[in-house]
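Peer 1: The structure's right below; bear with me while I get my questions together.
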Amino acid sequence: MLATGLVFFACGEEQECTESIVPKSTIGFYTLSENKITSAVIKDLSVYGLARDSMLYDTVDKSAITLPLSQTQDNCLFVMKIGTEYDTLRFNYTRDLDFVSKECGFTMRCTIYKFEFTTHLIDSAQIIYPYVHTTETENIRLFF
Amino acid sequence: MFIQPKPKISGCFFSSVLLLFVMLSGYSQEGRTFGPRIGIDLARIPPYFMNPEKQGFELSVDAELLTNFYPVFEIGKSRLTFESENYEHYCNGSYFRVGFDYNILAYYSEIPYDMGFIGLRYGYSGLTYRTDNITIQDKYWGNFTSSIPEAEMDAHWLEITGGLRTEIFSNFFMGWTVRGKFMLNKTEPALLYPYEIAGYGKGNKKSILGVSFSVYYKIPVYKNK
C-alpha cells in the first residue's frame, strides 16, 4: 500500500519556454484579375517599423511577410519599400493581456479592427483574420 | 451590573460529539478502540524540496461515528510564490473540506482497522493573488511591462474520494486518498485566474485529480468490550 502511495509523488519537471510570445501579423501578397486571386511574389521588398532603426526585411523576394505588432500601443506603422516606391501600412488594434503558461508567462492578444495603407503600389487590402496571435496565421491580404 | 456568564459552546459541543461517538460506536466489532484520528498530509513534503516556491500543510480529523462511516474534516493552507524574468505570481489561501469516508472493506479481526474507502467532500477555499512585474519581451518595439493588482477569490468544489488506510503500529495509521475534484463555483477574475487555488489545484481547471498521502494518530478514547 505504501509503494502504491509513493507512486503519486512523481512531480512535473521545470520546463523552459519554447513558444514565441510576441504577436505577429502575417500579410500575404496577391494579384486580382478577372475575379481570380493569385499569390504574388513581391521583389526587392524591404520593410521596417516607423521610427525603428532595424529592418524586418531587407531587399528580399517574398509572397508573405510577418510583422511584430507593438505591445505598448494600440496601433503601429510599417513602411514597405518595393524597388524605389514606398507604401505605409497602419494597424489599429485592441490589446488583451493573456496568460500562456507558467514557463512562458504572458502574451498580448491583438485584434485588428482597422487596417489603413497608402496606395502608391498597393491596390487594396482585406482583413482575413483579425485575431493576431503568436502563430503565423494570415491576417491581411494585400492586392497589387 | 449583572454580567451573564457566556455559555461554553465549544466545550458543550465537544462533549456532545464525544457522547454521540461513544454511543454510536457500540454498534461496532468487539475489542476495537475508537477515537478521533488526526492526520497530516505528507504528500506536500517532497514537492517542497523539489519545488520550494510552493508551501503548505494540511491536517485532517476523522472518526468512526457509525459502523464504517467516518465523518472527515480537513483544513489547510497553501502559498505559492513564483518568480521568473517574465512575471512574478503570488497566491495565498486557506481552505477546508468537510465530508465523509465509507469503508467498503470487509472486517478481519487480524487487521481490524484497515480500510478501503470511498467518500465525498465539500471544499471551500478563500485566497488572494496578484501578479507583479509582467514583462513581454519585444526586441523590436520595446518590452511591455505591467502588473495585475491583488484580487480575492472564493471557490467551492466537490470531491469524490477513494483510497486505503492501514494501521502500521498501535494507533498509528498511514494511507493515501485519491481525489476527483469538481469545481462548483468560484469568483470570476477580471483578467487572470490564480495559478493555484489552495486545496483544489490549478485555478483554471473545472475538474482535477489530486492525491494526498497521510499519516494519522488515533486518540484512543473508547474501547468496545
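Letters A, B, ... mark the chains of the C-alpha cells in the order given; residue numbers begin at 1 per chain; ligand numbers begin at 1, in order shown.
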For chain B, work out the contacting residues on chain A at 6 Å, counting only C-alpha atoms, and write them as number ranges by chain.
Peer 2: A: 5, 70-72, 105
Peer 1: Just the residues within 10 Å of segment 156-161 of chain B, please, counting only C-alpha atoms, with nothing from its chain fewer than 2 positions along; format it as number ranges by chain.
Peer 2: B: 95, 97-102, 117-126, 154, 163, 177-187, 199-200, 206-211
Peer 1: Excluding same-chain residues fewer than 2 positions from Leu50 of chain A, what lies within 8 Å of it counting only C-alpha atoms, as a ChimeraX atom specification?
Peer 2: /A:48,52,76-79
Peer 1: Pull N, CA, C and O atoms from the residues just selected and write them as a compact mmCIF listing (two decimals), in the first residue's frame.
Peer 2:
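Wrote result-v3.txt, looks like this:
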```txt
# COMPACT_ATOMS: atom_id res chain seq x y z
N TYR A 48 10.22 47.99 -42.64
CA TYR A 48 10.68 48.37 -41.30
C TYR A 48 9.55 49.11 -40.58
O TYR A 48 8.65 49.68 -41.20
N ARG A 52 11.79 53.00 -36.35
CA ARG A 52 12.67 51.93 -35.86
C ARG A 52 13.95 51.93 -36.69
O ARG A 52 13.94 52.28 -37.87
N CYS A 76 0.34 50.55 -34.84
CA CYS A 76 1.74 50.68 -35.24
C CYS A 76 1.82 50.76 -36.76
O CYS A 76 0.92 50.30 -37.47
N LEU A 77 2.88 51.38 -37.23
CA LEU A 77 3.04 51.65 -38.66
C LEU A 77 4.29 50.97 -39.19
O LEU A 77 5.31 50.91 -38.50
N PHE A 78 4.16 50.48 -40.41
CA PHE A 78 5.30 49.88 -41.09
C PHE A 78 5.45 50.55 -42.46
O PHE A 78 4.45 50.96 -43.09
N VAL A 79 6.68 50.64 -42.89
CA VAL A 79 6.97 51.18 -44.21
C VAL A 79 7.43 50.03 -45.10
O VAL A 79 8.31 49.26 -44.71
```
Peer 1: Run DSSP on the backbone and grab whatever in segment 84-139 of chain A lands in strand (DSSP E or B); send it over as number ranges by chain.
Peer 2: A: 85-101, 105-117, 124-127, 131-132, 138-139
Peer 1: Do you know which residues are at most 7 Å from Tyr131 of chain A counting only C-alpha atoms, after dropping those on the same chain fewer than 4 positions away, and could you put them as a compact mmCIF listing (two decimals) with all heavy atoms, in the first residue's frame?
Peer 2:
```txt
# COMPACT_ATOMS: atom_id res chain seq x y z
N CYS A 110 -3.96 40.48 -29.81
CA CYS A 110 -4.34 41.69 -30.53
C CYS A 110 -5.46 41.37 -31.51
O CYS A 110 -5.46 40.31 -32.13
CB CYS A 110 -3.14 42.26 -31.29
SG CYS A 110 -1.78 42.73 -30.22
N THR A 111 -6.39 42.29 -31.63
CA THR A 111 -7.50 42.13 -32.59
C THR A 111 -7.52 43.35 -33.49
O THR A 111 -7.77 44.48 -33.03
CB THR A 111 -8.84 42.00 -31.86
OG1 THR A 111 -8.76 40.92 -30.92
CG2 THR A 111 -9.97 41.71 -32.84
N ILE A 112 -7.24 43.12 -34.75
CA ILE A 112 -7.21 44.24 -35.72
C ILE A 112 -8.64 44.66 -36.04
O ILE A 112 -9.47 43.84 -36.43
CB ILE A 112 -6.51 43.81 -37.03
CG1 ILE A 112 -5.10 43.31 -36.75
CG2 ILE A 112 -6.49 44.96 -38.03
CD1 ILE A 112 -4.46 42.59 -37.93
```
Peer 1: In Å, with one decimal, what is the gap from atom CA of Arg90 of chain A to atom CA of Glu34 of chain A?
Peer 2: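 A separation of 28.1 Å between them.
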Peer 1: Neighbouring residues of Phe169 of chain B were defined as those with any atom within 12 Å, considering only C-alpha atoms; residues of the same chain fewer than 3 positions away were excluded. Please report them as a PyMOL selection string.
Peer 2: chain B and resi 111+113-114+166+172-174+215-218
Peer 1: Go ahead and write the residues just picked, C-alpha atoms, as a CSV table (one decimal), in the first residue's frame.
Peer 2:
```
chain,number,residue,atom,x,y,z
B,111,ILE,CA,-6.5,-6.2,10.6
B,113,TYR,CA,-8.7,-1.0,11.4
B,114,ASP,CA,-7.6,-1.3,7.8
B,166,THR,CA,-3.8,0.8,7.3
B,172,PHE,CA,-0.7,5.0,14.1
B,173,PHE,CA,-2.1,4.8,10.5
B,174,MET,CA,-0.9,5.5,7.1
B,215,VAL,CA,0.0,9.6,8.5
B,216,TYR,CA,-2.6,9.5,11.3
B,217,TYR,CA,-2.7,9.1,15.1
B,218,LYS,CA,-5.8,7.8,16.6
```
Peer 1: Using only C-alpha atoms, which residues sit within 8 Å of Asn68 of chain B once same-chain residues fewer than 4 positions away are excluded, as a PDB file with all heavy atoms, in the first residue's frame?
Peer 2:
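Now in result_14.pdb:
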```
ATOM      1  N   GLU B  64     -14.759   7.106  13.429  1.00  0.00           N
ATOM      2  CA  GLU B  64     -15.808   6.180  13.003  1.00  0.00           C
ATOM      3  C   GLU B  64     -17.033   6.401  13.883  1.00  0.00           C
ATOM      4  O   GLU B  64     -17.191   5.792  14.938  1.00  0.00           O
ATOM      5  CB  GLU B  64     -15.322   4.731  13.109  1.00  0.00           C
ATOM      6  CG  GLU B  64     -16.284   3.741  12.484  1.00  0.00           C
ATOM      7  CD  GLU B  64     -15.766   2.308  12.537  1.00  0.00           C
ATOM      8  OE1 GLU B  64     -14.729   2.078  13.189  1.00  0.00           O
ATOM      9  OE2 GLU B  64     -16.409   1.439  11.923  1.00  0.00           O
ATOM     10  N   TYR B 102     -16.530   6.176   3.578  1.00  0.00           N
ATOM     11  CA  TYR B 102     -17.261   4.965   3.918  1.00  0.00           C
ATOM     12  C   TYR B 102     -16.395   3.762   3.604  1.00  0.00           C
ATOM     13  O   TYR B 102     -15.966   3.565   2.462  1.00  0.00           O
ATOM     14  CB  TYR B 102     -18.587   4.888   3.148  1.00  0.00           C
ATOM     15  CG  TYR B 102     -19.420   3.710   3.580  1.00  0.00           C
ATOM     16  CD1 TYR B 102     -20.156   3.768   4.756  1.00  0.00           C
ATOM     17  CD2 TYR B 102     -19.441   2.536   2.836  1.00  0.00           C
ATOM     18  CE1 TYR B 102     -20.908   2.683   5.170  1.00  0.00           C
ATOM     19  CE2 TYR B 102     -20.187   1.441   3.246  1.00  0.00           C
ATOM     20  CZ  TYR B 102     -20.913   1.522   4.413  1.00  0.00           C
ATOM     21  OH  TYR B 102     -21.642   0.449   4.840  1.00  0.00           O
ATOM     22  N   ASN B 103     -16.136   2.946   4.642  1.00  0.00           N
ATOM     23  CA  ASN B 103     -15.269   1.779   4.489  1.00  0.00           C
ATOM     24  C   ASN B 103     -16.003   0.661   3.756  1.00  0.00           C
ATOM     25  O   ASN B 103     -17.065   0.210   4.195  1.00  0.00           O
ATOM     26  CB  ASN B 103     -14.820   1.305   5.875  1.00  0.00           C
ATOM     27  CG  ASN B 103     -13.895   0.113   5.790  1.00  0.00           C
ATOM     28  OD1 ASN B 103     -13.265  -0.121   4.765  1.00  0.00           O
ATOM     29  ND2 ASN B 103     -13.816  -0.646   6.879  1.00  0.00           N
ATOM     30  N   ILE B 104     -15.414   0.210   2.670  1.00  0.00           N
ATOM     31  CA  ILE B 104     -16.067  -0.849   1.894  1.00  0.00           C
ATOM     32  C   ILE B 104     -15.330  -2.176   2.045  1.00  0.00           C
ATOM     33  O   ILE B 104     -15.698  -3.168   1.412  1.00  0.00           O
ATOM     34  CB  ILE B 104     -16.163  -0.472   0.398  1.00  0.00           C
ATOM     35  CG1 ILE B 104     -14.789  -0.094  -0.161  1.00  0.00           C
ATOM     36  CG2 ILE B 104     -17.161   0.655   0.188  1.00  0.00           C
ATOM     37  CD1 ILE B 104     -14.783   0.163  -1.656  1.00  0.00           C
TER      38      ILE B 104
END
```
